[in-house]
file final-v8.pdb (PDB, C-alpha atoms and all ligand atoms)
ATOM      1  CA  MET A   1     158.779  87.380 117.118
ATOM      2  CA  TRP A   2     157.499  87.394 113.552
ATOM      3  CA  THR A   3     155.728  90.700 113.030
ATOM      4  CA  ASN A   4     153.826  92.127 110.072
ATOM      5  CA  ALA A   5     153.651  95.939 109.773
ATOM      6  CA  GLY A   6     150.780  96.101 107.277
ATOM      7  CA  ASP A   7     149.917  96.805 103.627
ATOM      8  CA  GLU A   8     149.301  93.211 102.656
ATOM      9  CA  PHE A   9     146.670  94.469 100.200
ATOM     10  CA  GLN A  10     148.008  95.923  96.925
ATOM     11  CA  GLY A  11     151.386  95.706  95.306
ATOM     12  CA  THR A  12     151.411  92.168  94.016
ATOM     13  CA  MET A  13     149.715  90.217  91.237
ATOM     14  CA  PHE A  14     148.982  87.621  93.898
ATOM     15  CA  TYR A  15     146.709  90.071  95.717
ATOM     16  CA  SER A  16     145.206  91.521  92.507
ATOM     17  CA  TYR A  17     144.220  88.047  91.352
ATOM     18  CA  TYR A  18     143.308  86.226  94.560
ATOM     19  CA  GLY A  19     142.266  89.040  96.910
ATOM     20  CA  GLY A  20     142.323  88.939 100.702
ATOM     21  CA  GLU A  21     141.152  85.390 101.233
ATOM     22  CA  LYS A  22     144.329  83.776  99.853
ATOM     23  CA  ILE A  23     146.497  86.453 101.503
ATOM     24  CA  ALA A  24     144.987  85.437 104.863
ATOM     25  CA  GLU A  25     145.667  81.782 104.142
ATOM     26  CA  VAL A  26     149.328  82.527 103.327
ATOM     27  CA  LEU A  27     149.827  84.788 106.368
ATOM     28  CA  ASN A  28     148.356  82.087 108.620
ATOM     29  CA  ASP A  29     150.637  79.471 107.060
ATOM     30  CA  LEU A  30     153.623  81.774 107.621
ATOM     31  CA  GLU A  31     152.618  81.787 111.316
ATOM     32  CA  PHE A  32     152.936  85.484 112.050
ATOM     33  CA  ASP A  33     152.742  86.333 115.764
ATOM     34  CA  ILE A  34     151.032  89.676 115.201
ATOM     35  CA  MET A  35     150.083  92.266 112.558
ATOM     36  CA  THR A  36     149.126  95.921 112.413
ATOM     37  CA  LEU A  37     146.941  97.356 109.659
ATOM     38  CA  GLY A  38     148.247  99.376 106.711
ATOM     39  CA  ASN A  39     146.274 102.031 104.836
ATOM     40  CA  HIS A  40     145.953  99.682 101.841
ATOM     41  CA  GLU A  41     143.986  97.193 103.920
ATOM     42  CA  TRP A  42     141.003  99.563 103.412
ATOM     43  CA  ASP A  43     141.345  99.735  99.609
ATOM     44  CA  GLY A  44     138.615  97.149  98.999
ATOM     45  CA  GLY A  45     136.256  98.697 101.575
ATOM     46  CA  GLU A  46     135.449  97.491 105.078
ATOM     47  CA  THR A  47     133.366  94.446 104.151
ATOM     48  CA  LYS A  48     136.380  92.932 102.395
ATOM     49  CA  LEU A  49     138.719  94.017 105.189
ATOM     50  CA  GLY A  50     136.416  92.429 107.780
ATOM     51  CA  ALA A  51     136.339  89.143 105.850
ATOM     52  CA  PHE A  52     140.148  89.207 105.666
ATOM     53  CA  LEU A  53     140.515  89.880 109.407
ATOM     54  CA  SER A  54     138.028  87.163 110.352
ATOM     55  CA  ASN A  55     140.218  84.627 108.510
ATOM     56  CA  LEU A  56     143.447  85.521 110.335
ATOM     57  CA  THR A  57     144.537  83.311 113.223
ATOM     58  CA  PHE A  58     146.902  85.776 114.965
ATOM     59  CA  PRO A  59     146.171  89.107 116.759
ATOM     60  CA  ILE A  60     145.629  92.368 114.823
ATOM     61  CA  VAL A  61     146.628  95.525 116.692
ATOM     62  CA  SER A  62     146.072  99.203 115.920
ATOM     63  CA  SER A  63     145.599 101.553 118.871
ATOM     64  CA  ASN A  64     144.395 104.565 116.875
ATOM     65  CA  VAL A  65     141.779 102.813 114.736
ATOM     66  CA  LYS A  66     138.388 103.092 116.428
ATOM     67  CA  SER A  67     135.647 101.228 114.602
ATOM     68  CA  GLU A  68     132.024 100.573 115.418
ATOM     69  CA  ASN A  69     131.624  98.578 112.213
ATOM     70  CA  PRO A  70     130.688  95.061 113.414
ATOM     71  CA  ALA A  71     132.824  93.617 110.601
ATOM     72  CA  LEU A  72     135.960  95.226 112.078
ATOM     73  CA  LYS A  73     135.353  95.919 115.768
ATOM     74  CA  PRO A  74     135.817  92.378 117.135
ATOM     75  CA  HIS A  75     139.074  91.872 115.231
ATOM     76  CA  ILE A  76     141.123  94.985 116.073
ATOM     77  CA  LYS A  77     142.640  95.692 119.483
ATOM     78  CA  SER A  78     145.147  98.288 120.662
ATOM     79  CA  TYR A  79     147.904  95.928 121.771
ATOM     80  CA  GLN A  80     148.824  92.379 122.629
ATOM     81  CA  VAL A  81     150.582  91.297 125.831
ATOM     82  CA  TRP A  82     152.711  88.176 126.230
ATOM     83  CA  GLU A  83     153.454  87.846 129.944
ATOM     84  CA  ASP A  84     155.631  84.765 129.271
ATOM     85  CA  LYS A  85     157.827  86.764 126.858
ATOM     86  CA  ASN A  86     157.849  89.855 129.096
ATOM     87  CA  LEU A  87     156.625  91.771 126.039
ATOM     88  CA  ALA A  88     153.777  93.915 124.749
ATOM     89  CA  ILE A  89     153.285  95.112 121.168
ATOM     90  CA  ILE A  90     151.126  98.160 120.375
ATOM     91  CA  GLY A  91     149.903  98.829 116.827
ATOM     92  CA  ALA A  92     149.105 102.016 114.883
ATOM     93  CA  THR A  93     147.952 102.912 111.386
ATOM     94  CA  SER A  94     148.493 106.062 109.313
ATOM     95  CA  ALA A  95     146.000 108.757 110.344
ATOM     96  CA  ASP A  96     145.855 109.767 106.649
ATOM     97  CA  THR A  97     144.098 106.518 105.742
ATOM     98  CA  PRO A  98     140.566 108.040 105.449
ATOM     99  CA  SER A  99     141.817 110.485 102.781
ATOM    100  CA  ILE A 100     143.786 107.908 100.741
ATOM    101  CA  SER A 101     141.627 104.774 101.013
ATOM    102  CA  SER A 102     138.013 103.598 101.472
ATOM    103  CA  VAL A 103     137.251 103.975 105.167
ATOM    104  CA  GLY A 104     133.621 103.548 106.274
ATOM    105  CA  ASN A 105     131.681 106.141 108.283
ATOM    106  CA  GLN A 106     131.752 104.013 111.464
ATOM    107  CA  THR A 107     135.553 104.078 111.621
ATOM    108  CA  THR A 108     137.804 106.904 112.797
ATOM    109  CA  PHE A 109     141.552 107.314 113.028
ATOM    110  CA  GLU A 110     142.956 109.112 116.069
ATOM    111  CA  ASP A 111     146.430 110.587 116.566
ATOM    112  CA  PRO A 112     148.704 107.514 116.807
ATOM    113  CA  ILE A 113     151.198 109.249 119.110
ATOM    114  CA  LYS A 114     148.442 109.918 121.643
ATOM    115  CA  THR A 115     146.910 106.438 121.489
ATOM    116  CA  ILE A 116     150.290 104.660 121.680
ATOM    117  CA  GLN A 117     151.281 106.676 124.757
ATOM    118  CA  GLU A 118     147.925 105.878 126.388
ATOM    119  CA  ALA A 119     148.464 102.185 125.614
ATOM    120  CA  VAL A 120     151.954 102.290 127.190
ATOM    121  CA  TYR A 121     150.461 103.664 130.442
ATOM    122  CA  GLU A 122     147.652 101.093 130.386
ATOM    123  CA  ILE A 123     150.152  98.242 129.892
ATOM    124  CA  ARG A 124     152.346  99.568 132.709
ATOM    125  CA  ASN A 125     149.366  99.884 135.041
ATOM    126  CA  ASN A 126     147.925  96.460 134.327
ATOM    127  CA  THR A 127     150.862  94.149 133.597
ATOM    128  CA  LYS A 128     154.420  93.540 134.692
ATOM    129  CA  VAL A 129     155.948  93.226 131.200
ATOM    130  CA  LYS A 130     159.278  94.986 130.769
ATOM    131  CA  TYR A 131     159.505  95.502 127.011
ATOM    132  CA  ILE A 132     157.050  97.548 124.974
ATOM    133  CA  VAL A 133     157.268  97.648 121.188
ATOM    134  CA  ALA A 134     155.361  99.890 118.767
ATOM    135  CA  LEU A 135     154.498  98.095 115.530
ATOM    136  CA  THR A 136     153.479 100.977 113.300
ATOM    137  CA  HIS A 137     152.279 101.768 109.815
ATOM    138  CA  ILE A 138     152.617 105.547 110.084
ATOM    139  CA  GLY A 139     155.829 106.346 108.133
ATOM    140  CA  TYR A 140     159.356 107.274 109.197
ATOM    141  CA  ASP A 141     158.629 110.970 109.891
ATOM    142  CA  VAL A 142     155.797 110.151 112.297
ATOM    143  CA  ASP A 143     157.838 107.301 113.814
ATOM    144  CA  GLN A 144     160.581 109.819 114.658
ATOM    145  CA  LYS A 145     157.984 112.129 116.193
ATOM    146  CA  LEU A 146     156.604 109.151 118.137
ATOM    147  CA  ALA A 147     160.077 108.401 119.509
ATOM    148  CA  ALA A 148     160.664 112.040 120.476
ATOM    149  CA  GLU A 149     157.287 112.768 122.063
ATOM    150  CA  THR A 150     156.542 109.605 124.047
ATOM    151  CA  GLU A 151     158.131 107.640 126.840
ATOM    152  CA  GLY A 152     158.224 103.937 127.580
ATOM    153  CA  ILE A 153     158.678 102.514 124.073
ATOM    154  CA  ASP A 154     161.734 100.266 123.671
ATOM    155  CA  LEU A 155     161.574  99.721 119.929
ATOM    156  CA  ILE A 156     159.622 100.952 116.920
ATOM    157  CA  ILE A 157     159.074  98.603 113.987
ATOM    158  CA  GLY A 158     157.783 100.910 111.277
ATOM    159  CA  ALA A 159     156.356 100.664 107.790
ATOM    160  CA  HIS A 160     154.484 102.781 105.204
ATOM    161  CA  SER A 161     157.329 105.080 104.051
ATOM    162  CA  HIS A 162     159.576 102.178 102.944
ATOM    163  CA  THR A 163     162.565 104.032 104.450
ATOM    164  CA  LEU A 164     165.975 102.404 104.210
ATOM    165  CA  LEU A 165     167.697 102.482 107.611
ATOM    166  CA  GLY A 166     171.148 101.218 108.554
ATOM    167  CA  ASP A 167     174.802 102.004 107.918
ATOM    168  CA  MET A 168     174.652 101.380 104.167
ATOM    169  CA  LYS A 169     174.921 104.003 101.414
ATOM    170  CA  GLY A 170     171.669 105.836 100.723
ATOM    171  CA  ALA A 171     170.153 105.089 104.132
ATOM    172  CA  GLU A 172     168.061 107.910 105.604
ATOM    173  CA  GLY A 173     169.000 107.122 109.182
ATOM    174  CA  LYS A 174     170.812 104.663 111.421
TER     175      LYS A 174
HETATM  176 ZN    ZN B   1     151.168 102.184 103.673
END

call {"tool": "encode", "arguments": {"input": "final-v8.pdb", "output": "structure tokens"}}
result
Amino acid sequence: MWTNAGDEFQGTMFYSYYGGEKIAEVLNDLEFDIMTLGNHEWDGGETKLGAFLSNLTFPIVSSNVKSENPALKPHIKSYQVWEDKNLAIIGATSADTPSISSVGNQTTFEDPIKTIQEAVYEIRNNTKVKYIVALTHIGYDVDQKLAAETEGIDLIIGAHSHTLLGDMKGAEGK
């Protein structure tokens, strides 16, 4: 699976110059299977984010983002299930996003630990898939809390804190 854990907006001259439209074209060409949203995706406001999402050809998941904005609502779901791969992937975005980016008044961010656990139960109740992955943009500290306080998640693919993990020197965890 080719997953994207968010923050495609900001950080590169490519984005600064071309904006979301060309980013969407590149992500589609790279053939991602799925993406969750980063806080930076809101930096240009929700009209620009909605235009970006409407151009993507793969699913966008974030279980804790609840939006009534018609530009966003049809494009964001909690999780994606692939029965043929025996797999479900649940998304989540940093709950701090409204205080660090430009979130509209029709969009709220719930506690990602709560919404991911609810999604796990919903997937278990409605499908037979064995593996459940959390694709998160909530940072390493919250990812650790997520692992400790929930059940049923096989793997967390995290972003946001840019934490080095592994057995190399300077890594913050295994
Ligand atoms: Zn981020």

call {"tool": "residues_around", "arguments": {"input": "final-v8.pdb", "residues": "Gly139 in chain A", "least_positions_apart": "3", "cutoff": "7 Å", "atoms": "all atoms listed in the file", "output": "count of residues only"}}
result
6

call {"tool": "closest_residue", "arguments": {"input": "final-v8.pdb", "among": "A:Met13, A:Ala88, A:Ala71, A:Ala24", "to": "Glu122 in chain A", "atoms": "all atoms listed in the file"}}
result
A:Ala88

call {"tool": "residues_around", "arguments": {"input": "final-v8.pdb", "residues": "range 45-57 of chain A", "least_positions_apart": "4", "cutoff": "10 Å", "atoms": "all atoms listed in the file", "output": "MDAnalysis selection string"}}
result
chainID A and resid 9 19:29 31:35 37 40:41 69:76 101:107

call {"tool": "resolve_selection", "arguments": {"input": "final-v8.pdb", "expression": "the PyMOL selection byres (((not hetatm)) within 12 of (chain B and resi 1))", "output": "PyMOL selection string"}}
result
chain A and resi 5-11+36-43+92-97+100-101+136-140+158-163

call {"tool": "write_last_selection", "arguments": {"input": "final-v8.pdb", "atoms": "C-alpha atoms", "output": "CSV table (one decimal), in the frame of the given file"}}
result
chain,number,residue,atom,x,y,z
A,5,ALA,CA,153.7,95.9,109.8
A,6,GLY,CA,150.8,96.1,107.3
A,7,ASP,CA,149.9,96.8,103.6
A,8,GLU,CA,149.3,93.2,102.7
A,9,PHE,CA,146.7,94.5,100.2
A,10,GLN,CA,148.0,95.9,96.9
A,11,GLY,CA,151.4,95.7,95.3
A,36,THR,CA,149.1,95.9,112.4
A,37,LEU,CA,146.9,97.4,109.7
A,38,GLY,CA,148.2,99.4,106.7
A,39,ASN,CA,146.3,102.0,104.8
A,40,HIS,CA,146.0,99.7,101.8
A,41,GLU,CA,144.0,97.2,103.9
A,42,TRP,CA,141.0,99.6,103.4
A,43,ASP,CA,141.3,99.7,99.6
A,92,ALA,CA,149.1,102.0,114.9
A,93,THR,CA,148.0,102.9,111.4
A,94,SER,CA,148.5,106.1,109.3
A,95,ALA,CA,146.0,108.8,110.3
A,96,ASP,CA,145.9,109.8,106.6
A,97,THR,CA,144.1,106.5,105.7
A,100,ILE,CA,143.8,107.9,100.7
A,101,SER,CA,141.6,104.8,101.0
A,136,THR,CA,153.5,101.0,113.3
A,137,HIS,CA,152.3,101.8,109.8
A,138,ILE,CA,152.6,105.5,110.1
A,139,GLY,CA,155.8,106.3,108.1
A,140,TYR,CA,159.4,107.3,109.2
A,158,GLY,CA,157.8,100.9,111.3
A,159,ALA,CA,156.4,100.7,107.8
A,160,HIS,CA,154.5,102.8,105.2
A,161,SER,CA,157.3,105.1,104.1
A,162,HIS,CA,159.6,102.2,102.9
A,163,THR,CA,162.6,104.0,104.4

call {"tool": "closest_residue", "arguments": {"input": "final-v8.pdb", "among": "A:Lys77, A:Lys66, A:Lys114, A:Lys85", "to": "Thr150 in chain A", "atoms": "only C-alpha atoms"}}
result
A:Lys114

call {"tool": "resolve_selection", "arguments": {"input": "final-v8.pdb", "expression": "the PyMOL selection byres (((chain A and resi 132) around 9) and not hetatm)", "output": "PyMOL selection string"}}
result
chain A and resi 86-90+120+123+129-131+133-134+152-155

call {"tool": "atom_distance", "arguments": {"input": "final-v8.pdb", "atom1": "CA of Thr115 in chain A", "atom2": "CA of Glu149 in chain A"}}
result
12.2 Å

call {"tool": "closest_residue", "arguments": {"input": "final-v8.pdb", "among": "A:Asn125, A:Asp84, A:Ser62, A:Trp2", "to": "Pro112 in chain A", "atoms": "only C-alpha atoms"}}
result
A:Ser62

call {"tool": "atom_distance", "arguments": {"input": "final-v8.pdb", "atom1": "CA of Lys128 in chain A", "atom2": "CA of Pro59 in chain A"}}
result
20.2 Å

call {"tool": "atom_distance", "arguments": {"input": "final-v8.pdb", "atom1": "CA of Arg124 in chain A", "atom2": "CA of Phe58 in chain A"}}
result
23.1 Å

call {"tool": "closest_residue", "arguments": {"input": "final-v8.pdb", "among": "A:Gln80, A:Thr3, A:Ser16, A:Ser99", "to": "Ile156 in chain A", "atoms": "only C-alpha atoms"}}
result
A:Thr3

call {"tool": "residues_around", "arguments": {"input": "final-v8.pdb", "residues": "Leu164 in chain A", "least_positions_apart": "6", "cutoff": "9 Å", "atoms": "only C-alpha atoms", "output": "ChimeraX atom specification"}}
result
/A:170-174

call {"tool": "resolve_selection", "arguments": {"input": "final-v8.pdb", "expression": "the PyMOL selection byres (((chain A and resi 109) around 6) and not hetatm)", "output": "list of chain:residue names"}}
result
A:Asn64, A:Val65, A:Ala95, A:Thr108, A:Glu110
